[in-house]
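Colleague: Sharing data_29.txt below, compact mmCIF, C-alpha atoms:
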```txt
# COMPACT_ATOMS: atom_id res chain seq x y z
CA HIS A 1 31.30 216.34 -12.28
CA VAL A 2 30.17 218.22 -9.22
CA VAL A 3 32.39 219.88 -6.63
CA GLU A 4 31.62 221.68 -3.39
CA SER A 5 33.63 224.49 -1.83
CA GLY A 6 33.44 226.87 1.09
CA GLY A 7 33.48 224.58 4.09
CA GLY A 8 35.42 225.35 7.22
CA LEU A 9 35.41 226.00 10.94
CA VAL A 10 32.99 228.64 12.25
CA GLN A 11 31.94 229.70 15.73
CA PRO A 12 28.35 229.21 16.83
CA GLY A 13 26.18 232.02 15.55
CA GLY A 14 28.46 232.61 12.60
CA SER A 15 27.87 232.39 8.87
CA LEU A 16 29.28 230.42 5.98
CA THR A 17 28.50 230.10 2.30
CA LEU A 18 28.95 226.86 0.40
CA SER A 19 29.13 226.70 -3.38
CA CYS A 20 28.33 223.83 -5.70
CA GLY A 21 29.76 223.94 -9.19
CA THR A 22 29.83 221.68 -12.20
CA THR A 23 32.33 221.11 -14.96
CA GLY A 24 31.12 220.92 -18.52
CA SER A 25 27.48 221.76 -17.80
CA ARG A 26 25.36 224.67 -16.77
CA ILE A 27 24.20 223.94 -13.26
CA SER A 28 21.12 226.05 -13.92
CA ARG A 29 19.88 223.11 -15.99
CA ALA A 30 19.89 220.82 -12.97
CA ASP A 31 17.72 220.29 -9.93
CA VAL A 32 20.23 220.77 -7.13
CA GLY A 33 20.14 219.66 -3.55
CA TRP A 34 22.40 220.25 -0.61
CA TYR A 35 22.64 217.33 1.83
CA ARG A 36 24.60 216.77 4.99
CA GLN A 37 25.79 213.81 6.96
CA ALA A 38 26.98 213.97 10.54
CA PRO A 39 29.08 211.15 12.05
CA GLY A 40 26.92 208.14 12.81
CA GLN A 41 23.87 209.64 11.16
CA GLN A 42 22.09 209.23 7.86
CA ARG A 43 22.50 211.71 5.08
CA GLU A 44 19.69 214.26 5.10
CA MET A 45 18.44 216.85 2.67
CA VAL A 46 19.11 220.40 3.80
CA ALA A 47 17.88 222.49 0.89
CA SER A 48 17.05 222.07 -2.75
CA ILE A 49 16.26 224.21 -5.75
CA THR A 50 14.65 223.22 -9.01
CA THR A 51 15.50 224.39 -12.50
CA SER A 52 12.56 226.78 -12.24
CA GLY A 53 13.95 228.25 -9.03
CA ARG A 54 11.60 226.69 -6.52
CA ALA A 55 13.39 226.21 -3.21
CA ASN A 56 12.69 223.78 -0.41
CA TYR A 57 14.25 223.54 3.05
CA ALA A 58 14.48 221.10 5.90
CA ASP A 59 12.60 222.34 8.95
CA SER A 60 15.84 222.43 10.94
CA VAL A 61 17.37 225.11 8.70
CA LYS A 62 14.35 227.20 7.66
CA GLY A 63 15.00 230.86 8.27
CA ARG A 64 18.74 230.29 8.66
CA PHE A 65 19.83 228.83 5.31
CA THR A 66 19.20 230.17 1.83
CA ILE A 67 19.81 228.30 -1.42
CA SER A 68 20.29 230.29 -4.60
CA LYS A 69 21.67 230.10 -8.10
CA ASP A 70 24.54 232.28 -9.31
CA SER A 71 24.49 232.21 -13.08
CA ALA A 72 27.66 234.26 -13.42
CA LYS A 73 29.67 231.79 -11.35
CA ASN A 74 27.72 228.74 -12.57
CA THR A 75 27.12 227.67 -8.98
CA VAL A 76 24.34 226.91 -6.58
CA ASP A 77 25.16 228.49 -3.25
CA LEU A 78 24.01 227.67 0.24
CA GLN A 79 24.17 230.66 2.55
CA MET A 80 24.17 229.53 6.14
CA SER A 81 23.71 231.84 9.10
CA SER A 82 23.05 231.54 12.84
CA LEU A 83 25.02 228.33 12.70
CA LYS A 84 24.71 225.83 15.52
CA PRO A 85 26.99 223.01 16.65
CA GLU A 86 24.38 220.56 15.37
CA ASP A 87 24.96 221.91 11.85
CA THR A 88 28.37 220.25 11.94
CA ALA A 89 28.54 217.70 9.14
CA VAL A 90 29.97 216.91 5.76
CA TYR A 91 27.87 218.80 3.23
CA TYR A 92 27.25 217.27 -0.17
CA CYS A 93 25.86 218.69 -3.36
CA ASN A 94 23.69 216.65 -5.70
CA ALA A 95 22.91 217.78 -9.23
CA ARG A 96 20.30 215.98 -11.25
CA PHE A 97 20.01 216.65 -14.96
CA GLY A 98 16.70 215.19 -16.08
CA SER A 99 16.01 211.57 -15.19
CA ASP A 100 19.26 210.05 -16.39
CA LEU A 101 22.17 212.01 -14.97
CA ASP A 102 22.71 212.29 -11.25
CA PHE A 103 25.96 213.55 -9.77
CA TRP A 104 27.27 213.82 -6.22
CA GLY A 105 30.21 215.90 -5.11
CA PRO A 106 32.89 214.59 -2.74
CA GLY A 107 31.63 216.75 0.13
CA THR A 108 32.97 219.62 2.18
CA GLN A 109 33.38 219.63 5.95
CA VAL A 110 31.53 222.22 8.01
CA THR A 111 32.42 222.40 11.69
CA ILE A 112 30.64 224.68 14.14
CA SER A 113 32.61 225.01 17.33
CA SER A 114 33.93 227.59 19.72
```
Rewrite the structure of this file - the entire thing - as C-alpha cells.
Modeller:
Amino acid sequence: HVVESGGGLVQPGGSLTLSCGTTGSRISRADVGWYRQAPGQQREMVASITTSGRANYADSVKGRFTISKDSAKNTVDLQMSSLKPEDTAVYYCNARFGSDLDFWGPGTQVTISS
C-alpha cells in the first residue's frame, strides 16, 4: 500500500513537502512518481524518480520542485517551493515495483491561496 502525507493550505510563494510511503516494502525498490489532478483536469505527472535515482520533472515545476528518496524514513519526498495558485490540486503518489506491481495512494490535497 502507498500513502501520501504533507498536504495543506499554503500562501503563494510558500513551500510544502509531501511524503510518499509504503507499508511492507522498501520504496527504494520502486520507480516512484508524483502526479496531481486539479478539478476538471486530467491527472498529470509532476515528478518521478527511478530506482537508480534518476529524476524527471514536468516543465511547469522545474526549478521549483525536487523529488528525493529518504531511506531512513522509507519515503519519497516532493519538496515544493515558490508555490503558485495553479499548483493547487490533489497530489498522488504512484509506486511501481517491476512490471507487475503498481500502487496508487489515496491522494493529499494541496491548496495554494492567500
Colleague: For Trp104 in chain A, find every residue with an atom within 7 Å (counting only C-alpha atoms), except residues of its own chain fewer than 5 positions away, and show them as an MDAnalysis selection string.
Modeller: chainID A and resid 2 92:95
Colleague: Just want the 10 Å neighbourhood of Thr51 in chain A, counted on all atoms listed in the file, with same-chain residues fewer than 4 positions away dropped. Output as a list in words.
Modeller: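 What passes the distance filter is Ile27, Ser28, Arg29, Ala30, Asp31, Val32, Ala55, Lys69, Arg96, Phe97 and Gly98 of chain A.
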Colleague: Between A:Val90, A:Val10, A:Val76, A:Leu16, which has the minimum distance to Gln42 in chain A (counting all atoms listed in the file)?
Modeller: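 Closest to Gln42 in chain A, using all atoms listed in the file: A:Val90.
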Colleague: If you count only C-alpha atoms, which residues fall within 10 Å of Leu83 in chain A, apart from same-chain ones fewer than 4 positions away, as a list of chain:residue names?
Modeller: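 In the requested form, the answer reads A:Val10, A:Gln11, A:Pro12, A:Gly13, A:Gly14, A:Ser15, A:Leu16, A:Val61, A:Arg64, A:Phe65, A:Asp87, A:Thr88, A:Thr111, A:Ile112, A:Ser113.
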Colleague: Could you tell me how far CA of Asp102 in chain A lies from CA of Ser81 in chain A, in Å and to one decimal?
Modeller: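 Between CA of Asp102 in chain A and CA of Ser81 in chain A the gap is 28.2 Å.
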Colleague: Take every atom of range 77-93 of chain A listed in the file, fit an axis-aligned box around them, add 5 Å per side, and give the centre and edge lengths in Å to one decimal as AutoDock Vina command-line options.
Modeller:
```
--center_x 26.5 --center_y 224.4 --center_z 6.6 --size_x 16.9 --size_y 24.9 --size_z 30.0
```
Colleague: Taking into account all atoms listed in the file, which residue in the set A:Asp100, A:Arg54, A:Arg43, A:Ser114 is nearest to Pro85 in chain A?
Modeller: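 Looking only at the distances to Pro85 in chain A, the closest residue turns out to be A:Ser114.
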Colleague: Of the candidates A:Gly63, A:Gly107, A:Gly6, A:Gly33, which one gets nearest to Met45 in chain A if we count all atoms listed in the file?
Modeller: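 Residue with the minimum atom-to-atom distance to Met45 in chain A: A:Gly33.
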Colleague: Could you state the separation of CA of Gly53 in chain A and CA of Asp70 in chain A in Å, given to one decimal place?
Modeller: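 About the pair CA of Gly53 in chain A and CA of Asp70 in chain A: they are 11.3 Å apart.
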